[in-house]
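*Asks:* Could you have a look at this structure, given as structure tokens, before my questions?
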Amino acid sequence: MPEAKLRRYKAIVLGVSTGGVGTLKALLGALPGDFPLPLLVVQHISPDSGDQMAVFLDEFCAIHVKEADEQERPVGGTVYLAPANYHLMVEPDGRLGLSMDPPVNYSRPSVDVLFETAAQAFGERLIGVILTGAGYDGSLGLKRIKDKGGVAVVQDPGDAAADSMPKHAMMAVTPDHVVTLSTLPQLFINLSEK
Amino acid sequence: MLTSSIELQDSEVGKLLERVATVYGYDFREYAEASIRRRITQWLAESEFASFAEAKAQVLCDPAVFERLLRGITVNVTEMFRDPLVFQAIREQVVPHLKTYPFVKIWHAGCASGEEAYSMAIMLAEEGLAGRFRIYATDINQGVLRKAQEGIFPLKEMKLFTQNYHKSGGKSSFSDYYTARYDHAMLMPSLKDHIVFASHNLAADNDFGEMQMVFCRNVLIYFKQPLKDRALGLFDSCLAPGGFLCLGTKEALDGREIAPHYAEIAPRSRIYRKRYA
């Protein structure tokens, strides 16, 4: 049956830094291949790291994982990773965009840039997730998502490999969900069915 | 004003860009919206204006204010020998073809402050093409072109530029190419003999004469599809058959109007060679 019902959410955006590879492997690896929402991910990586992470995760996961291309329209069942050394953004029409603008929070890609542009495009139909990481990138972006009526999810700092990003996010907003990594896939499935 | 406290609506940005196009003839409505909104927001945050409405009014009545906005929304940051492996690929796989021409003309579209144009001049001179090539380095932003023309860069950037140069297959000592004075480095003035810096707007201007290579990296990602196709059409119309088109890592020709005329020299290199027929 093709998209008979209108889903409440259009996309999930995730920000992750230190400890991210193992975390993404566990999270994305637990999602079914037909997971209905697109997932847009900013993982802080060094500028010259190429696309090995997308290739590795795609082989490991049932869900399709790829590097984001500019002007691409995100579809369900697919994870779009920000390419190394580019900001990933969402255009007002929902397509993906890339930029070489200066780093934000010392980061390119930056979680805040993805979250702020996604909040502008998707409004209340967006789920924002802050996972493990050092620093504070993503806090302002998560606040923007919440201000627009979207859902804020934060990994329990006690459960995160690095607790700084989740802690800063929880200072910026009161999250709708604070969860451990092991319960996150089920939360995504529940939210996606709304 | 803090960037985080400003939230511009798409309609506000749209109206500003529409008025700017009418008043100044620069049409940014064909630029990807998310980027341009972020850049305008950034410019507004760093400006002295208390509100977007005030900024908009001043931009429209004062050309000097518009000039500053133009700089804010079009400036790109770059490095010498940025993406060294691209320069290495050009050195190894493109230059041997360029050497077969008596004289080589290269269009570097969107050259920003000139770092990559100077890099190309250094590489071509090292490969024995000195005196046999000219680089037409263009940008929409006149302020940044003046900086490019100077060829003076902060000394602290030389460490990164030197690393990039060696990774790209540089054959000399990078310090041979500049003179350090206080906290700045001036590139060897003779490099400028091979480069013409000029103002050019990919959204409005035409191409200028036959080229053997077009170098345009991380410019098209800021354009919507019709403008992207316009720019690629300009490149295509000036490239000689057998000429090379060098795009950014995330700028594939797949699906674009001119794609059938080109073959990528190596998978995912984003260096394309124009077919002869």
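Letters for chains follow the order of the structure tokens (A, B, ...), residue numbers begin at 1 for each chain, and ligand numbers begin at 1 in the order shown.
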Quick one: DSSP strand (DSSP E or B) residues in region 173-215 of chain B, as a PyMOL selection string?

*Replies:* chain B and resi 178-181+184-187+195-199+211-215

*Asks:* Tell me the residues of chain B close to chain A, meaning within 10 Å using only C-alpha atoms, as number ranges by chain.

*Replies:* B: 4-5, 7-10, 32-35, 37-39, 75-78, 83, 218-225, 249-252

*Asks:* Restricting the calculation to only C-alpha atoms, which member of B:Ala180, B:Leu155, B:Ala117, B:Ala203 is positioned closest to Ile140 (chain B)?

*Replies:*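 Residue with the minimum atom-to-atom distance to Ile140 (chain B): B:Ala203.
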
*Asks:* Could you list, as a list of chain:residue names, every residue within 7 Å of Tyr136 (chain B), counting only C-alpha atoms and ignoring same-chain residues fewer than 5 positions away?

*Replies:*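 The neighbour list is B:Ile106, B:Trp107, B:His108, B:Ile195, B:Val196, B:Phe197.
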
*Asks:* List the neighbours of region 56-65 of chain A out to 9 Å using only C-alpha atoms; skip same-chain residues closer than 3 positions along the sequence, and give me the result as a list in words.

*Replies:*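 Listed by chain and then number, they are Val21, Leu24, Lys25, Leu28, Gly29, Ala30, Leu31, Pro32, Gly33, Asp34, Phe35, Asp51, Gln52, Met53, Gly77, Thr78, Val79, Tyr80 and Leu81 of chain A.
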
*Asks:* Selection from above, N, CA and C atoms, as a PDB file, in the first residue's frame, can you write it?

*Replies:*
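Printed below is again-v1.pdb as written:
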ATOM      1  N   VAL A  21      31.184   6.627  15.536  1.00  0.00           N
ATOM      2  CA  VAL A  21      31.124   5.505  14.600  1.00  0.00           C
ATOM      3  C   VAL A  21      30.446   4.295  15.244  1.00  0.00           C
ATOM      4  N   LEU A  24      26.698   5.108  15.804  1.00  0.00           N
ATOM      5  CA  LEU A  24      25.888   5.048  14.578  1.00  0.00           C
ATOM      6  C   LEU A  24      25.711   3.612  14.104  1.00  0.00           C
ATOM      7  N   LYS A  25      26.767   2.820  14.281  1.00  0.00           N
ATOM      8  CA  LYS A  25      26.704   1.416  13.870  1.00  0.00           C
ATOM      9  C   LYS A  25      25.603   0.702  14.654  1.00  0.00           C
ATOM     10  N   LEU A  28      21.948   2.642  13.696  1.00  0.00           N
ATOM     11  CA  LEU A  28      21.459   2.449  12.330  1.00  0.00           C
ATOM     12  C   LEU A  28      21.358   0.971  11.992  1.00  0.00           C
ATOM     13  N   GLY A  29      22.246   0.174  12.591  1.00  0.00           N
ATOM     14  CA  GLY A  29      22.225  -1.258  12.348  1.00  0.00           C
ATOM     15  C   GLY A  29      20.973  -1.922  12.900  1.00  0.00           C
ATOM     16  N   ALA A  30      20.318  -1.267  13.869  1.00  0.00           N
ATOM     17  CA  ALA A  30      19.122  -1.851  14.490  1.00  0.00           C
ATOM     18  C   ALA A  30      17.834  -1.420  13.784  1.00  0.00           C
ATOM     19  N   LEU A  31      17.934  -0.549  12.788  1.00  0.00           N
ATOM     20  CA  LEU A  31      16.725  -0.091  12.095  1.00  0.00           C
ATOM     21  C   LEU A  31      16.413  -1.013  10.910  1.00  0.00           C
ATOM     22  N   PRO A  32      15.127  -1.259  10.668  1.00  0.00           N
ATOM     23  CA  PRO A  32      14.776  -2.119   9.527  1.00  0.00           C
ATOM     24  C   PRO A  32      15.042  -1.412   8.203  1.00  0.00           C
ATOM     25  N   GLY A  33      15.264  -2.197   7.161  1.00  0.00           N
ATOM     26  CA  GLY A  33      15.560  -1.633   5.836  1.00  0.00           C
ATOM     27  C   GLY A  33      14.431  -0.779   5.300  1.00  0.00           C
ATOM     28  N   ASP A  34      13.197  -1.035   5.754  1.00  0.00           N
ATOM     29  CA  ASP A  34      12.060  -0.257   5.247  1.00  0.00           C
ATOM     30  C   ASP A  34      11.622   0.832   6.225  1.00  0.00           C
ATOM     31  N   PHE A  35      12.538   1.253   7.089  1.00  0.00           N
ATOM     32  CA  PHE A  35      12.225   2.357   8.012  1.00  0.00           C
ATOM     33  C   PHE A  35      11.716   3.539   7.181  1.00  0.00           C
ATOM     34  N   ASP A  51      34.755   9.013   1.870  1.00  0.00           N
ATOM     35  CA  ASP A  51      33.404   8.484   2.118  1.00  0.00           C
ATOM     36  C   ASP A  51      33.405   7.071   2.701  1.00  0.00           C
ATOM     37  N   GLN A  52      34.539   6.672   3.310  1.00  0.00           N
ATOM     38  CA  GLN A  52      34.625   5.292   3.818  1.00  0.00           C
ATOM     39  C   GLN A  52      33.533   4.981   4.830  1.00  0.00           C
ATOM     40  N   MET A  53      33.166   5.995   5.654  1.00  0.00           N
ATOM     41  CA  MET A  53      32.195   5.715   6.696  1.00  0.00           C
ATOM     42  C   MET A  53      30.843   5.334   6.095  1.00  0.00           C
ATOM     43  N   GLY A  77      13.914   5.174   4.453  1.00  0.00           N
ATOM     44  CA  GLY A  77      14.777   4.006   4.340  1.00  0.00           C
ATOM     45  C   GLY A  77      16.208   4.348   3.988  1.00  0.00           C
ATOM     46  N   THR A  78      16.561   5.620   4.071  1.00  0.00           N
ATOM     47  CA  THR A  78      17.905   6.033   3.664  1.00  0.00           C
ATOM     48  C   THR A  78      18.514   6.985   4.691  1.00  0.00           C
ATOM     49  N   VAL A  79      19.788   6.759   4.953  1.00  0.00           N
ATOM     50  CA  VAL A  79      20.555   7.632   5.838  1.00  0.00           C
ATOM     51  C   VAL A  79      21.486   8.473   4.971  1.00  0.00           C
ATOM     52  N   TYR A  80      21.456   9.793   5.173  1.00  0.00           N
ATOM     53  CA  TYR A  80      22.301  10.699   4.407  1.00  0.00           C
ATOM     54  C   TYR A  80      23.359  11.285   5.334  1.00  0.00           C
ATOM     55  N   LEU A  81      24.610  10.936   5.091  1.00  0.00           N
ATOM     56  CA  LEU A  81      25.698  11.468   5.922  1.00  0.00           C
ATOM     57  C   LEU A  81      26.238  12.743   5.286  1.00  0.00           C
TER      58      LEU A  81
END

*Asks:* For Ala121 (chain B), list every protein, DNA or RNA residue within 12 Å, evaluated using only C-alpha atoms, and leave out those in the same chain fewer than 2 positions away; present the list as a PyMOL selection string.

*Replies:* chain B and resi 80-81+87+91+95+104-106+108+114-119+123-137+177+187-196

*Asks:* Please compute the CA of Lys10 (chain A)-CA of Ala82 (chain A) distance, one decimal, in Å.

*Replies:*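 Taking CA of Lys10 (chain A) as the start and CA of Ala82 (chain A) as the end point, the length is 18.2 Å.
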
*Asks:* Mind listing the alpha helix (DSSP H) residues of region 27-68 of chain B, per DSSP on the backbone, as number ranges by chain?

*Replies:* B: 33-46, 52-61, 63-68

*Asks:* Do a neighbour search on region 43-53 of chain B at 12 Å with only C-alpha atoms, toss out local chain neighbours closer than 3 positions, and write the hits as a ChimeraX atom specification.

*Replies:* /B:1-9,12-13,15-16,36-40,56-60,65-75

*Asks:* Report as a compact mmCIF listing (two decimals) with C-alpha atoms, in the first residue's frame all protein, DNA and RNA residues lying within 10 Å of region 129-139 of chain A, evaluated on only C-alpha atoms, omitting residues in the same chain fewer than 6 positions from it.

*Replies:*
# COMPACT_ATOMS: atom_id res chain seq x y z
CA ILE A 12 15.02 12.71 11.62
CA VAL A 13 18.19 14.78 11.94
CA LEU A 14 21.08 13.52 14.08
CA GLY A 15 24.25 15.13 15.42
CA VAL A 16 27.12 13.02 16.71
CA SER A 17 30.81 13.53 17.34
CA THR A 18 33.30 11.71 19.59
CA GLY A 19 32.40 8.03 19.77
CA GLY A 20 30.13 8.41 16.79
CA THR A 23 27.13 4.66 18.15
CA LEU A 24 25.89 5.05 14.58
CA VAL A 41 23.33 12.81 9.93
CA VAL A 42 26.16 15.17 10.81
CA GLN A 43 29.08 13.23 12.23
CA HIS A 44 32.17 15.33 12.93
CA VAL A 104 30.57 26.69 12.76
CA ASN A 105 31.50 25.67 16.33
CA TYR A 106 34.91 24.76 14.82
CA SER A 107 33.10 22.15 12.76
CA SER A 110 28.22 21.44 11.75
CA VAL A 111 25.20 19.99 13.58
CA ASP A 112 23.76 23.47 14.21
CA VAL A 113 23.76 24.28 10.48
CA LEU A 114 21.87 21.07 9.62
CA PHE A 115 19.40 21.45 12.50
CA GLU A 116 18.62 25.13 11.90
CA ILE A 145 13.83 22.53 16.31
CA VAL A 151 10.70 16.79 18.81
CA ALA A 152 13.98 16.97 20.76
CA VAL A 153 15.72 13.72 21.64
CA VAL A 154 18.98 13.50 23.61
CA GLN A 155 21.09 10.47 24.40
CA ASP A 156 21.33 9.98 28.18
CA PRO A 157 24.68 11.61 29.06
CA GLY A 158 25.45 8.67 31.36
CA ASP A 159 25.06 6.33 28.41
CA ALA A 160 27.13 8.38 25.94
CA ALA A 161 30.81 7.73 25.17
CA ALA A 162 31.34 11.51 25.50
CA ASP A 163 28.71 13.36 27.53
CA SER A 164 29.42 16.99 26.61
CA MET A 165 27.17 17.37 23.57
CA PRO A 166 24.17 15.69 25.27
CA LYS A 167 24.70 17.78 28.44
CA HIS A 168 24.89 21.05 26.52
CA ALA A 169 21.79 20.08 24.54
CA MET A 170 19.91 19.44 27.80
CA MET A 171 20.92 22.87 29.08
CA ALA A 172 19.59 24.49 25.89
CA VAL A 173 16.24 22.67 25.77
CA PRO A 175 14.16 17.28 25.69
CA HIS A 177 12.98 12.10 25.27
CA VAL A 178 16.22 11.27 27.09
CA VAL A 179 17.12 7.73 26.13
CA THR A 180 19.90 5.19 26.10
CA LEU A 181 21.36 4.00 22.83
CA LEU A 184 16.69 4.58 20.64

*Asks:* Find the residue from A:Ile189, A:Leu27, A:Leu6, A:Ile127 that sits nearest to Asp176 (chain A); use only C-alpha atoms when measuring.

*Replies:*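 Nearest candidate to Asp176 (chain A) out of A:Ile189, A:Leu27, A:Leu6, A:Ile127: A:Ile127.
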
*Asks:* So, with only C-alpha atoms as the atoms that count, which of B:Pro241, B:Asp229, B:Arg146, B:Ile90 lies closest to Arg270 (chain B)?

*Replies:*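 Closest candidate: B:Ile90.
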
*Asks:* Which of these residues is nearest to Pro267 (chain B), using only C-alpha atoms: B:Thr100, B:Glu150, B:Ser237, B:Leu253?

*Replies:*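 Among the listed residues, the smallest separation from Pro267 (chain B) belongs to B:Leu253.
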